[in-house]
Amino acid sequence: MARNDLIIRVAGEGGEGIVSSGDFIAAACARVGLEVYTFKTFPAEIKGGYCLYQIRTSSEQVYNQGDTFDVFCAFNGEAFELNKHLMTPGTAVVYDYPGGDFEPDLPEGVIGYPIPMSQTAKDLKSYRSKNMVALGALSVLFNIEEETLIRVLTDKFARKGDKILNLNLEAFAKGKELGAAHEKTDPYRVADPQGAKDVIIIDGNSAVGLGAIIGGLDFFSAYPITPATEVAKYVAKHLPKRGGTLIQAEDEIASIAQVLGASYAGKKAMTATSGPGLALMSEMLGMFTMSETPGLVVDVQRGGPSTGLPTKHEQSDLFLAIMGAHGDSPRIVLSVEDVKDCVDMTVEGLNIAEEYQCPVIILSDGSLAFSTQTFPTPDPSSFEIVNRKRWDGEGEYKRYEMTDDLISPMADPGTKGGLHVSTGLEHGETGAPKYTPENHELQAKKRFDKIKPIVDRYRPVEIQGEGDADVGIITWGSTIGVVREAVQRLRAEGLKVKGFYPKLMWPMPVEQYEAFAATCGKILVPEVNYQGQLSHFIRSETNIKSSIPYTICGGLPFTPAMIVERTKEILS
Amino acid sequence: MARNDLIIRVAGEGGEGIVSSGDFIAAACARVGLEVYTFKTFPAEIKGGYCLYQIRTSSEQVYNQGDTFDVFCAFNGEAFELNKHLMTPGTAVVYDYPGGDFEPDLPEGVIGYPIPMSQTAKDLKSYRSKNMVALGALSVLFNIEEETLIRVLTDKFARKGDKILNLNLEAFAKGKELGAAHEKTDPYRVADPQGAKDVIIIDGNSAVGLGAIIGGLDFFSAYPITPATEVAKYVAKHLPKRGGTLIQAEDEIASIAQVLGASYAGKKAMTATSGPGLALMSEMLGMFTMSETPGLVVDVQRGGPSTGLPTKHEQSDLFLAIMGAHGDSPRIVLSVEDVKDCVDMTVEGLNIAEEYQCPVIILSDGSLAFSTQTFPTPDPSSFEIVNRKRWDGEGEYKRYEMTDDLISPMADPGTKGGLHVSTGLEHGETGAPKYTPENHELQAKKRFDKIKPIVDRYRPVEIQGEGDADVGIITWGSTIGVVREAVQRLRAEGLKVKGFYPKLMWPMPVEQYEAFAATCGKILVPEVNYQGQLSHFIRSETNIKSSIPYTICGGLPFTPAMIVERTKEILS
Amino acid sequence: MSVAALNKVEMTPKDYKSEVPPVWCPGCGHFGILNGLYRALSELGVDPDNLVITSGIGCSSRTPYFVDSYKMHTLHGRAGAVATGTQLANPDLAVMTVGGDGDGFSIGGGHMPHMARKNINMTYILFDNGIYGLTKGQYSPTSRPELKAYTTPYGGPEEPMNPLLYMLTYKATYVAQAFAGKPRICAELIKQGIAHKGFSFINIYSQCPTFNLIDTIQYYRDLVYEVPEDHDPSNRGAAIELARRKETGPTAGKVPMGLIYQKEAPTLCDKMQEFVDNVGGTPDYDLNKIIDLSRP
Amino acid sequence: MSVAALNKVEMTPKDYKSEVPPVWCPGCGHFGILNGLYRALSELGVDPDNLVITSGIGCSSRTPYFVDSYKMHTLHGRAGAVATGTQLANPDLAVMTVGGDGDGFSIGGGHMPHMARKNINMTYILFDNGIYGLTKGQYSPTSRPELKAYTTPYGGPEEPMNPLLYMLTYKATYVAQAFAGKPRICAELIKQGIAHKGFSFINIYSQCPTFNLIDTIQYYRDLVYEVPEDHDPSNRGAAIELARRKETGPTAGKVPMGLIYQKEAPTLCDKMQEFVDNVGGTPDYDLNKIIDLSRP
Ligand SMILES: Cc1ncc(C[n+]2csc(CCOP(=O)(O)OP(=O)(O)O)c2C)c(N)n1
Ligand SMILES: Cc1ncc(C[n+]2csc(CCOP(=O)(O)OP(=O)(O)O)c2C)c(N)n1
Ligand code: SF4
Ligand code: SF4
Ligand SMILES: [Mg+2]
Ligand SMILES: [Mg+2]
């Protein structure tokens, strides 16, 4: 497949400015109309530890972080060593030398550009601008539009005062000089500037926050947890502009309880957390189900079980999201593919919660959380906003009235004549406790049947490729972006491969899974968890016999190449 | 099928002594060597409300509460009305008349024995002995061994002083007289006394407590919740006799945390709860998995979701027990069939937790919780007691050492040279955090693979009936007892039906399910929940294609007749 | 509580009764508190349409069913956190939480400090019977060591907590204590608590004749004494002094009944509104202005 | 803490260092506390083999990794409850919990009262930096309203809590406060806390130069004053007085450093042992005697 894209990886010790240099490159590329998809990993420790930032950029849309880097920039010896095995002949490596903490032993064929980053920063008496030196060198060596990059830096540092700005620009200029002194022998260059596009660039967590605000959120209850905290950070900043409230609760149980209370008050309410927090919310999520209260939780998944790998990527909360409740307790579970999706699905999540009066869980993940991506600037007026069915004030109000569509009108407190109890006990139509066998069977059926139509809302599930296929790939979450590219590549090679990309994880659109599978010889299900959690549900819910799980759980996303390879194995 | 058993149902308002009269009948029957299986329901409200106690007794083993009652004793009009639809021609009904709150309209063919219970108690100036009047009448009308019953009463009331004892005996005598005045026209009588047997009679919750004490429990952390509270009640009373400690914690999260801490200290520790509590424990259970710490939770299931039907029977926490954790988090889940099993499996649960260093969940349920049953007096010395693999003090200690059987020796605090960290973070062999992809994959695999041998411990799964069958019934928990009788009846009719009764719910002994299914035409899976939770796992884990879920969720157990009927439907 | 909901209606105490009859045991103290609550609502003219009562699980937590209002019967220990959400989401509502000692101080004990110090504009009535009633009699954080119950057959091993001192320490801005045997005093203190702007907490002793056989109505009658006339409820130090159980003197071993502490302070809502005002917040703020911040 | 573990070994403070180097930022106050801890352990001769340190999640909760002992790195907010189980299950162990202000007072705040009033025989060291460090800077229950952080970009809307007053109210039997900038004082107070039989709580101010930019080391230096010589730590009333932040006088706005309160009282273990003794409990009590009680 033709690639005009480039992947630059910057790595070093946390605190060395890896993240900001990556951000600068990403912003500069985005400003000149290139598409950007970044990927980061952090250590679970607060200070120090290995940190990585990878920028993939192209004039065409990029769906994932890519296979591996073309250009590597090593801030220290550890970073170099950890990435050495990924370097192949032709890889360009910029590294801190002389004056750094290492003297690299470059693999055969790898093209090295030593840049004395630390030394230069030291000479400038500005230790913190080591990353600017690197940036200058990268800019000149790999065609990162200098003028734009300088404007990005200026915008960023202007707030910090002229002194800091100038120091950084000086370091940048020095780095450029050092870079230019090398003879470039590798072929890698960032694609040339395109016309500036109407895009934004934002990370997955902020995008959830943006979606929430577009979706009409009124109330957010936060409890910090990696890698979800930045959702609250974004909302805390912007929600007051719409007159809404964000509160930091004492724990996740209080958060979800507050969401219940706010939603009962007639407001749109949500929280965001990661696996451990979602686990703590299990009991209260059942109360949403039983009391038929709208509520949204975004779970930015991380490596588990337990505290696990708090800063690493994993897609392993599907079981908990779907089945983590006592009793027969239906929920709606959605997933997101990329950063744009974080916006769209959060709006959607708020809508669906309102429409079906039930708990909705959106599964994002650690790689999307911090990934910044470019996408067309959303037009807030283009989003459909759904509000709960409210009582019309006619007749006697019954909170849990049996209606044709099984959705009972709600009466917000303050509504005349709408007095009622919202309860976690089994109840009859009025909300009064009712434990007869017939009633429990009836209400259980109501709770399950009322959400069934959601499946129609997600019909058809997106399919990539047409006609019959030898291999159909079913996947979810951010793995979709990886599979998209793999399917493109495989089809470009003339192989009969298709992709199936559900966003609605539960209830499962069974019929559509089955229809897809009917057109495929074999079914491959890649996902980043140990057990093959989606595969489990494919087995339990559909008639698909022969699905082949492909699971990894190393804290990293798949690469397109891995999917391509595995698919070919299956094909042969 | 030949029945020499009898079912007496007593019902009325909570607080009228329904439960104690039932207990007296049960004890009297047990003393004369009969088998007893009782069943109760309570209202979720503390006072008043409809209350039911059913005693099934026979000279042969009884496996469940039975289909319906032969004899009904109505303490009030509500009780009569609620049970009227279950009366068939020939049913014997003892009722409070005249002087009660109702004048029953007996269905055609029902044999009535009016007894002025309230009036007699009033006459005796002893309102609380209404139930004794009823008991006297029941005794004489249905052959409940009088002498034994009087001894039971005497044993019970002696502690309360002569005055109360005599008052009750007087009321009893009066009831007997009133009963004897009727001409008996129904055929029902309690089976004749057998030789006294070496049995105990105990309820399911106490039996869990007894199992815990036999199993070598050191520490129990309690938080009260219906219908599990009596487990702690039993343990609180008896554990100090063995020098152990029961603490009432501030909530379920503290309970399970304390269990973790106690277990880390090298002691056997457990807690008991119901669905809402288990949900709250979700996060901490993941810590047991990750830190490989033994721990036992008994979940006495009740009607859900949320607060649900707190005093009612349901088997709907299987999803939560197996999948209620974030990340890939294996657990072992067991279930219990009857009260004897509550003893045996609790010993087993403690053993297994020690053996596999992981969280173990035992699923009991609301009907077993309060059901008293007779079974042979357990011999404590006959139980195998397993203790965790402990470090031998040789070489350097590594908490998470990779061993052949994947079980890493533990070092209790206090052990010389065994210093280590037990952690919820992903870690290497020493316990130090380790986030490399290879290590996470390796450790995840260890956590899953180490418990796989448990399946062998439960091989073979018990099968009732031999040869090929047209219908095989797979079920779990207390529904097993119901199915046992149904299969007996069906086979007695010459129908080819078999039963399959797993106690190990997870990991699933897949091969044995499949082998069983291979001998059966169709597979029926009855369980008391809405979704068919075991059916779900049969679909996801086994190759069994055609299993037919049979779910009810009315807060009551199945009856043998329901299973017989459904099976016949399938057969035809 | 929200002043918006006060003096809105003329209703007798009886008018606040719902159709659901209380499910409590005869002689239960909770009846007295409920009557006090009816009366307080009536005297303040609280509009049932704008009143939300939340509760957790327990005998006391059944109270909302018996009051004509909007209400949520939530989970054990979580009613206060739920009410916090309701109050913040719609500050025009009058918000109240009712529940037991187990509900509020055991499983719910982690939420109490934060409602108080955030000064959530709501009223919390705690039905303190020193026992877990609904689960048939276990030790609670306010049980006396003498109490033998389900999980403490040999007596209680721990120090009972002091609800007043807790709430003062947590900086509740209204702290009072009453006894179910005095429904008029209950009514008065609940009324003042409702009228208070900010977090008001009223601890009410309530006998459970069914399971707590040592804290009888007579025991409580003897336990409480009326807050001395000269007590200055605006003085936090004096309130703390009053709340501590004396070991000597005329009130040795006794507990005060009445208003212990009251202070005007900005509520969380007030402060949130400030933030909104500072950023020029309005429901029709142009979303594009927010989105534009993410242009590269 | 269990006396069984004291005076068992002769080890220098350094000997208590594990092989794992602290992962904290340069200038983090937690270093000072850790040094105080090493020294306290050394001075008491605590046997590492019989020492269990538990922690939750946070920068401070990484502390156990740096100490040679048995240790559990548990879940956010649960370390104290875990330690409770460890202590009760094996009273011969010396048990200690370390953790942050968020860990202990926010998510873990529901457990604190009960450890204290049950007088669990353990030592709790709270690293109080007024911030969530590990999650990169959010408001904590001890943050000052002035602090602008992740979730409070416009400042904090709530009253900070008072750790000393909380723990006194909860009836902790040993309450002290120190400051990480004074490792010797930390060492001394930790030492006394460890030596104390019962629940000991030590609040230690600790600057987080990375995320809490207002509570600097200098801020804390100015904040604390040494407990006056004439303070009687056995006097609960005086301790409460001392713990309350003064609004006027020479210590206005300041907080005391030193031993605030100490009292000998039976621990939960003591009481449990009493129950065991009363029923003649012994590990080889004949189980048949228990089983026989269920004969019909
Ligand atoms: C998570 C959870 N744990 C336990 C319970 C069981 N439970 C119901 S009410 C209650 C205690 C009630 O005591 P209290 O709050 O003092 O109220 P009271 O009945 O005395 O009025 C408990 C433990 C529950 N419903 N949910
Ligand atoms: C259940 C759960 N919720 C949230 C988190 C995320 N988390 C980790 S540490 C922390 C706060 C740490 O603050 P503090 O306890 O004050 O310790 P410090 O880092 O300041 O020393 C939070 C919220 C978590 N690990 N688990
Ligand atoms: S059990 Fe106690 S608290 Fe509950 S209703 Fe009865 S008397 Fe009241
Ligand atoms: S973030 Fe703060 S608390 Fe954490 S290590 Fe750095 S300075 Fe210390
Ligand atoms: Mg109570
Ligand atoms: Mg902190």
# chains A, B, ... in the order shown; residues from 1 in each chain; ligands from 1

$ calpha_fit_and_write --fixed "chain C" --moving "chain D" --output "compact mmCIF listing (two decimals) with C-alpha atoms, in the first residue's frame"
# COMPACT_ATOMS: atom_id res chain seq x y z
CA MET D 1 -32.34 24.02 52.10
CA SER D 2 -33.41 25.96 49.10
CA VAL D 3 -35.50 28.93 50.15
CA ALA D 4 -37.27 28.71 46.83
CA ALA D 5 -39.26 25.81 48.24
CA LEU D 6 -40.32 27.44 51.48
CA ASN D 7 -43.61 29.15 52.30
CA LYS D 8 -45.10 27.87 49.13
CA VAL D 9 -48.14 26.00 50.33
CA GLU D 10 -50.56 25.75 53.19
CA MET D 11 -50.78 22.15 54.19
CA THR D 12 -51.47 20.47 57.50
CA PRO D 13 -48.98 17.91 58.79
CA LYS D 14 -51.44 15.22 57.74
CA ASP D 15 -51.46 16.49 54.19
CA TYR D 16 -47.83 15.40 53.87
CA LYS D 17 -48.77 11.81 54.59
CA SER D 18 -48.56 9.57 51.57
CA GLU D 19 -50.93 6.67 51.01
CA VAL D 20 -48.33 4.18 52.15
CA PRO D 21 -48.71 3.26 55.81
CA PRO D 22 -45.44 2.93 57.75
CA VAL D 23 -44.15 -0.63 57.94
CA TRP D 24 -42.50 -0.19 61.32
CA CYS D 25 -42.96 -2.24 64.49
CA PRO D 26 -45.35 -0.91 67.11
CA GLY D 27 -43.43 1.31 69.49
CA CYS D 28 -40.67 2.08 67.01
CA GLY D 29 -39.20 5.53 67.59
CA HIS D 30 -39.18 6.23 63.87
CA PHE D 31 -42.89 7.09 64.10
CA GLY D 32 -42.11 10.04 66.34
CA ILE D 33 -39.51 11.38 63.94
CA LEU D 34 -41.86 10.98 61.00
CA ASN D 35 -44.49 12.98 62.84
CA GLY D 36 -41.93 15.64 63.61
CA LEU D 37 -41.05 15.75 59.95
CA TYR D 38 -44.67 16.14 58.82
CA ARG D 39 -45.09 18.99 61.24
CA ALA D 40 -41.88 20.74 60.22
CA LEU D 41 -42.80 20.56 56.56
CA SER D 42 -46.22 21.92 57.30
CA GLU D 43 -45.00 24.77 59.44
CA LEU D 44 -42.54 25.82 56.76
CA GLY D 45 -45.04 25.41 53.96
CA VAL D 46 -42.61 23.28 51.96
CA ASP D 47 -43.94 22.59 48.51
CA PRO D 48 -44.01 18.78 48.00
CA ASP D 49 -43.54 19.29 44.29
CA ASN D 50 -40.16 20.82 44.93
CA LEU D 51 -39.09 18.55 47.74
CA VAL D 52 -36.79 15.59 47.13
CA ILE D 53 -36.13 13.15 49.95
CA THR D 54 -33.48 10.51 49.48
CA SER D 55 -32.77 7.54 51.68
CA GLY D 56 -30.53 4.51 51.81
CA ILE D 57 -31.53 1.12 53.18
CA GLY D 58 -32.82 0.42 56.68
CA CYS D 59 -36.07 0.70 58.59
CA SER D 60 -35.53 4.44 58.84
CA SER D 61 -34.72 4.60 55.15
CA ARG D 62 -38.30 3.62 54.40
CA THR D 63 -39.40 7.04 55.60
CA PRO D 64 -39.63 8.69 52.16
CA TYR D 65 -42.40 6.27 51.16
CA PHE D 66 -44.57 7.78 53.87
CA VAL D 67 -44.12 11.39 52.82
CA ASP D 68 -45.80 13.03 49.87
CA SER D 69 -42.87 14.38 47.88
CA TYR D 70 -40.40 13.38 45.22
CA LYS D 71 -38.15 10.73 46.67
CA MET D 72 -35.44 8.23 45.95
CA HIS D 73 -35.03 5.04 47.91
CA THR D 74 -31.41 4.38 47.00
CA LEU D 75 -28.66 2.10 48.25
CA HIS D 76 -27.32 1.41 51.69
CA GLY D 77 -25.09 4.31 52.68
CA ARG D 78 -25.38 6.31 49.47
CA ALA D 79 -28.40 8.52 50.04
CA GLY D 80 -26.36 11.57 50.99
CA ALA D 81 -24.15 11.32 47.94
CA VAL D 82 -27.23 10.92 45.76
CA ALA D 83 -28.81 13.96 47.38
CA THR D 84 -25.64 15.92 46.75
CA GLY D 85 -26.05 15.27 43.04
CA THR D 86 -29.71 16.25 43.11
CA GLN D 87 -29.04 19.43 45.02
CA LEU D 88 -26.16 20.57 42.83
CA ALA D 89 -27.97 19.74 39.63
CA ASN D 90 -31.06 21.72 40.56
CA PRO D 91 -30.47 24.20 43.38
CA ASP D 92 -34.10 25.24 43.35
CA LEU D 93 -35.16 21.96 44.88
CA ALA D 94 -35.45 21.40 48.60
CA VAL D 95 -33.31 18.36 49.29
CA MET D 96 -33.35 16.12 52.31
CA THR D 97 -31.81 12.80 53.29
CA VAL D 98 -33.13 10.46 55.96
CA GLY D 99 -31.56 7.28 57.23
CA GLY D 100 -30.19 5.21 60.04
CA ASP D 101 -27.04 5.13 62.11
CA GLY D 102 -25.74 2.13 60.21
CA ASP D 103 -26.60 3.66 56.89
CA GLY D 104 -25.08 7.04 57.66
CA PHE D 105 -22.14 6.29 59.88
CA SER D 106 -21.06 2.78 58.96
CA ILE D 107 -21.29 2.12 55.24
CA GLY D 108 -22.11 5.75 54.48
CA GLY D 109 -19.50 7.18 56.80
CA GLY D 110 -17.14 8.04 53.99
CA HIS D 111 -19.58 10.47 52.44
CA MET D 112 -20.55 12.38 55.56
CA PRO D 113 -17.45 14.53 55.95
CA HIS D 114 -17.67 15.75 52.39
CA MET D 115 -21.33 16.73 52.36
CA ALA D 116 -20.63 18.69 55.51
CA ARG D 117 -17.46 20.49 54.56
CA LYS D 118 -18.75 21.22 51.06
CA ASN D 119 -21.75 22.71 52.79
CA ILE D 120 -24.23 21.08 50.46
CA ASN D 121 -27.50 22.93 50.84
CA MET D 122 -29.57 20.08 52.25
CA THR D 123 -30.97 18.59 55.45
CA TYR D 124 -29.82 15.26 56.82
CA ILE D 125 -31.96 13.57 59.48
CA LEU D 126 -30.28 10.62 61.11
CA PHE D 127 -32.53 8.14 62.93
CA ASP D 128 -30.17 6.92 65.62
CA ASN D 129 -31.36 3.74 67.29
CA GLY D 130 -27.97 2.24 68.02
CA ILE D 131 -28.76 -0.84 65.97
CA TYR D 132 -29.22 -2.23 62.51
CA GLY D 133 -32.97 -2.63 62.57
CA LEU D 134 -33.86 -3.89 59.13
CA THR D 135 -31.29 -6.67 59.15
CA LYS D 136 -32.68 -7.82 62.48
CA GLY D 137 -30.35 -6.52 65.04
CA GLN D 138 -26.63 -6.04 64.62
CA TYR D 139 -24.24 -3.70 66.29
CA SER D 140 -23.98 -0.21 64.75
CA PRO D 141 -21.37 2.52 65.18
CA THR D 142 -23.55 4.11 67.85
CA SER D 143 -24.23 0.89 69.76
CA ARG D 144 -23.12 0.70 73.34
CA PRO D 145 -20.61 -2.03 74.22
CA GLU D 146 -23.21 -3.57 76.49
CA LEU D 147 -25.32 -4.52 73.50
CA LYS D 148 -25.26 -8.18 72.61
CA ALA D 149 -26.43 -8.71 69.09
CA TYR D 150 -26.03 -10.99 66.07
CA THR D 151 -22.38 -10.38 65.43
CA THR D 152 -21.53 -9.50 69.01
CA PRO D 153 -22.92 -12.37 71.07
CA TYR D 154 -20.35 -11.67 73.74
CA GLY D 155 -20.83 -7.90 73.78
CA GLY D 156 -19.43 -5.12 71.66
CA PRO D 157 -15.71 -4.63 71.42
CA GLU D 158 -15.60 -1.00 70.37
CA GLU D 159 -16.16 2.59 71.41
CA PRO D 160 -19.42 4.03 70.14
CA MET D 161 -19.04 7.14 68.03
CA ASN D 162 -20.33 10.57 68.85
CA PRO D 163 -22.53 11.84 65.99
CA LEU D 164 -22.56 15.46 67.10
CA LEU D 165 -18.82 15.68 67.49
CA TYR D 166 -18.34 14.01 64.12
CA MET D 167 -20.53 16.49 62.34
CA LEU D 168 -19.03 19.46 64.10
CA THR D 169 -15.58 18.25 63.20
CA TYR D 170 -16.73 17.82 59.62
CA LYS D 171 -17.84 21.47 59.69
CA ALA D 172 -21.53 20.97 59.21
CA THR D 173 -23.08 24.42 59.43
CA TYR D 174 -26.15 23.30 61.37
CA VAL D 175 -25.97 20.57 64.01
CA ALA D 176 -28.82 19.60 66.30
CA GLN D 177 -29.95 16.65 68.32
CA ALA D 178 -33.38 15.43 69.33
CA PHE D 179 -35.18 12.39 70.63
CA ALA D 180 -38.06 10.63 68.94
CA GLY D 181 -40.03 10.63 72.19
CA LYS D 182 -40.34 14.40 71.82
CA PRO D 183 -41.91 14.89 68.39
CA ARG D 184 -42.43 18.60 69.00
CA ILE D 185 -38.76 19.13 69.61
CA CYS D 186 -38.00 16.96 66.61
CA ALA D 187 -40.33 19.11 64.56
CA GLU D 188 -38.77 22.33 65.75
CA LEU D 189 -35.19 21.23 65.10
CA ILE D 190 -36.03 19.71 61.74
CA LYS D 191 -37.82 22.92 60.86
CA GLN D 192 -34.83 25.06 61.72
CA GLY D 193 -32.61 22.64 59.90
CA ILE D 194 -34.71 22.86 56.76
CA ALA D 195 -34.81 26.63 56.99
CA HIS D 196 -31.02 26.73 57.37
CA LYS D 197 -29.10 27.54 54.21
CA GLY D 198 -26.30 25.00 54.00
CA PHE D 199 -25.71 21.51 55.31
CA SER D 200 -27.91 20.81 58.31
CA PHE D 201 -27.62 17.66 60.34
CA ILE D 202 -30.08 16.49 62.97
CA ASN D 203 -29.32 13.41 65.03
CA ILE D 204 -32.46 11.92 66.50
CA TYR D 205 -32.40 9.16 69.08
CA SER D 206 -35.06 6.63 68.28
CA GLN D 207 -35.77 3.48 70.20
CA CYS D 208 -35.91 0.10 68.45
CA PRO D 209 -37.94 -2.00 70.85
CA THR D 210 -37.62 -5.03 68.61
CA PHE D 211 -33.87 -5.42 68.44
CA ASN D 212 -32.17 -2.94 70.70
CA LEU D 213 -33.43 -4.04 74.05
CA ILE D 214 -31.10 -1.86 76.08
CA ASP D 215 -31.67 1.55 74.50
CA THR D 216 -35.31 1.73 75.49
CA ILE D 217 -37.47 4.80 75.25
CA GLN D 218 -36.90 5.30 78.95
CA TYR D 219 -33.15 4.99 78.48
CA TYR D 220 -33.20 7.78 75.93
CA ARG D 221 -35.54 9.86 78.01
CA ASP D 222 -33.00 9.72 80.80
CA LEU D 223 -30.09 10.19 78.44
CA VAL D 224 -30.99 13.56 76.99
CA TYR D 225 -31.01 16.94 78.63
CA GLU D 226 -32.05 20.19 77.02
CA VAL D 227 -29.30 22.43 75.71
CA PRO D 228 -28.76 25.09 78.37
CA GLU D 229 -30.35 28.46 77.71
CA ASP D 230 -27.00 30.18 77.80
CA HIS D 231 -25.41 28.03 75.12
CA ASP D 232 -24.33 30.14 72.17
CA PRO D 233 -24.91 28.01 69.06
CA SER D 234 -22.78 30.31 66.95
CA ASN D 235 -19.75 29.40 69.03
CA ARG D 236 -18.04 26.40 67.54
CA GLY D 237 -15.81 25.81 70.55
CA ALA D 238 -18.79 25.83 72.88
CA ALA D 239 -20.63 23.50 70.53
CA ILE D 240 -17.74 21.04 70.55
CA GLU D 241 -17.61 21.24 74.33
CA LEU D 242 -21.33 20.54 74.51
CA ALA D 243 -21.05 17.63 72.11
CA ARG D 244 -18.36 15.84 74.07
CA ARG D 245 -19.84 13.44 76.60
CA LYS D 246 -19.03 14.62 80.09
CA GLU D 247 -17.55 12.24 82.58
CA THR D 248 -18.35 14.34 85.61
CA GLY D 249 -20.75 17.08 86.61
CA PRO D 250 -24.52 17.32 86.40
CA THR D 251 -24.63 16.20 82.76
CA ALA D 252 -22.22 13.30 83.20
CA GLY D 253 -23.02 10.52 80.74
CA LYS D 254 -25.84 12.54 79.22
CA VAL D 255 -26.24 14.10 75.82
CA PRO D 256 -27.67 17.48 74.85
CA MET D 257 -30.94 17.91 73.00
CA GLY D 258 -31.51 21.05 70.99
CA LEU D 259 -29.60 23.26 68.61
CA ILE D 260 -25.89 22.70 69.09
CA TYR D 261 -24.37 24.78 66.32
CA GLN D 262 -25.38 27.02 63.48
CA LYS D 263 -23.36 29.18 61.15
CA GLU D 264 -24.03 30.97 57.88
CA ALA D 265 -21.49 30.09 55.23
CA PRO D 266 -21.45 29.95 51.45
CA THR D 267 -22.79 26.69 50.11
CA LEU D 268 -21.10 24.68 47.39
CA CYS D 269 -23.80 25.93 45.05
CA ASP D 270 -22.97 29.51 45.83
CA LYS D 271 -19.35 28.89 45.00
CA MET D 272 -20.15 27.01 41.83
CA GLN D 273 -22.32 29.90 40.75
CA GLU D 274 -19.39 32.18 41.35
CA PHE D 275 -17.23 30.13 39.01
CA VAL D 276 -19.95 30.18 36.41
CA ASP D 277 -20.32 33.92 36.74
CA ASN D 278 -16.58 34.48 36.55
CA VAL D 279 -16.33 32.75 33.19
CA GLY D 280 -19.50 34.41 31.95
CA GLY D 281 -21.23 31.07 31.89
CA THR D 282 -24.65 30.78 30.30
CA PRO D 283 -26.66 27.86 28.89
CA ASP D 284 -26.31 29.32 25.41
CA TYR D 285 -22.62 30.03 25.52
CA ASP D 286 -21.32 29.54 21.99
CA LEU D 287 -19.88 26.03 21.82
CA ASN D 288 -17.75 27.00 18.85
CA LYS D 289 -15.71 29.17 21.15
CA ILE D 290 -14.81 26.09 23.15
CA ILE D 291 -14.16 23.99 20.09
CA ASP D 292 -11.95 26.63 18.53
CA LEU D 293 -9.53 26.26 21.41
CA SER D 294 -8.53 22.90 19.94
CA ARG D 295 -7.54 24.18 16.56
CA PRO D 296 -3.91 23.32 15.92

$ interface_residues --of "chain B" --to "chain D" --cutoff "8 Å" --atoms "only C-alpha atoms" --output "ChimeraX atom specification"
/B:27-28,30-31,199-202,210,214,218-219,238,240-245,250,254-255,257-265,267,284,287,377-380,413-425

$ residues_around --residues "Met562 (chain B)" --least-positions-apart "2" --cutoff "12 Å" --atoms "only C-alpha atoms" --output "PyMOL selection string"
chain B and resi 66-68+479+482-483+485-487+489-490+526-527+550-552+557-560+564-569

$ residues_around --residues "Pro409 (chain B)" --least-positions-apart "6" --cutoff "6 Å" --atoms "only C-alpha atoms" --output "ChimeraX atom specification"
/B:389-391

$ write_last_selection --atoms "C-alpha atoms" --output "PDB file, in the first residue's frame"
ATOM      1  CA  LYS B 389       2.093 -24.053  49.880  1.00  0.00           C
ATOM      2  CA  ARG B 390       4.613 -22.325  52.103  1.00  0.00           C
ATOM      3  CA  TRP B 391       8.188 -21.411  51.383  1.00  0.00           C
TER       4      TRP B 391
END

$ atom_distance --atom1 "CA of Ile247 (chain B)" --atom2 "CA of Ser20 (chain B)"
29.0 Å

$ atom_distance --atom1 "CA of Glu462 (chain B)" --atom2 "CA of Val208 (chain B)"
21.7 Å
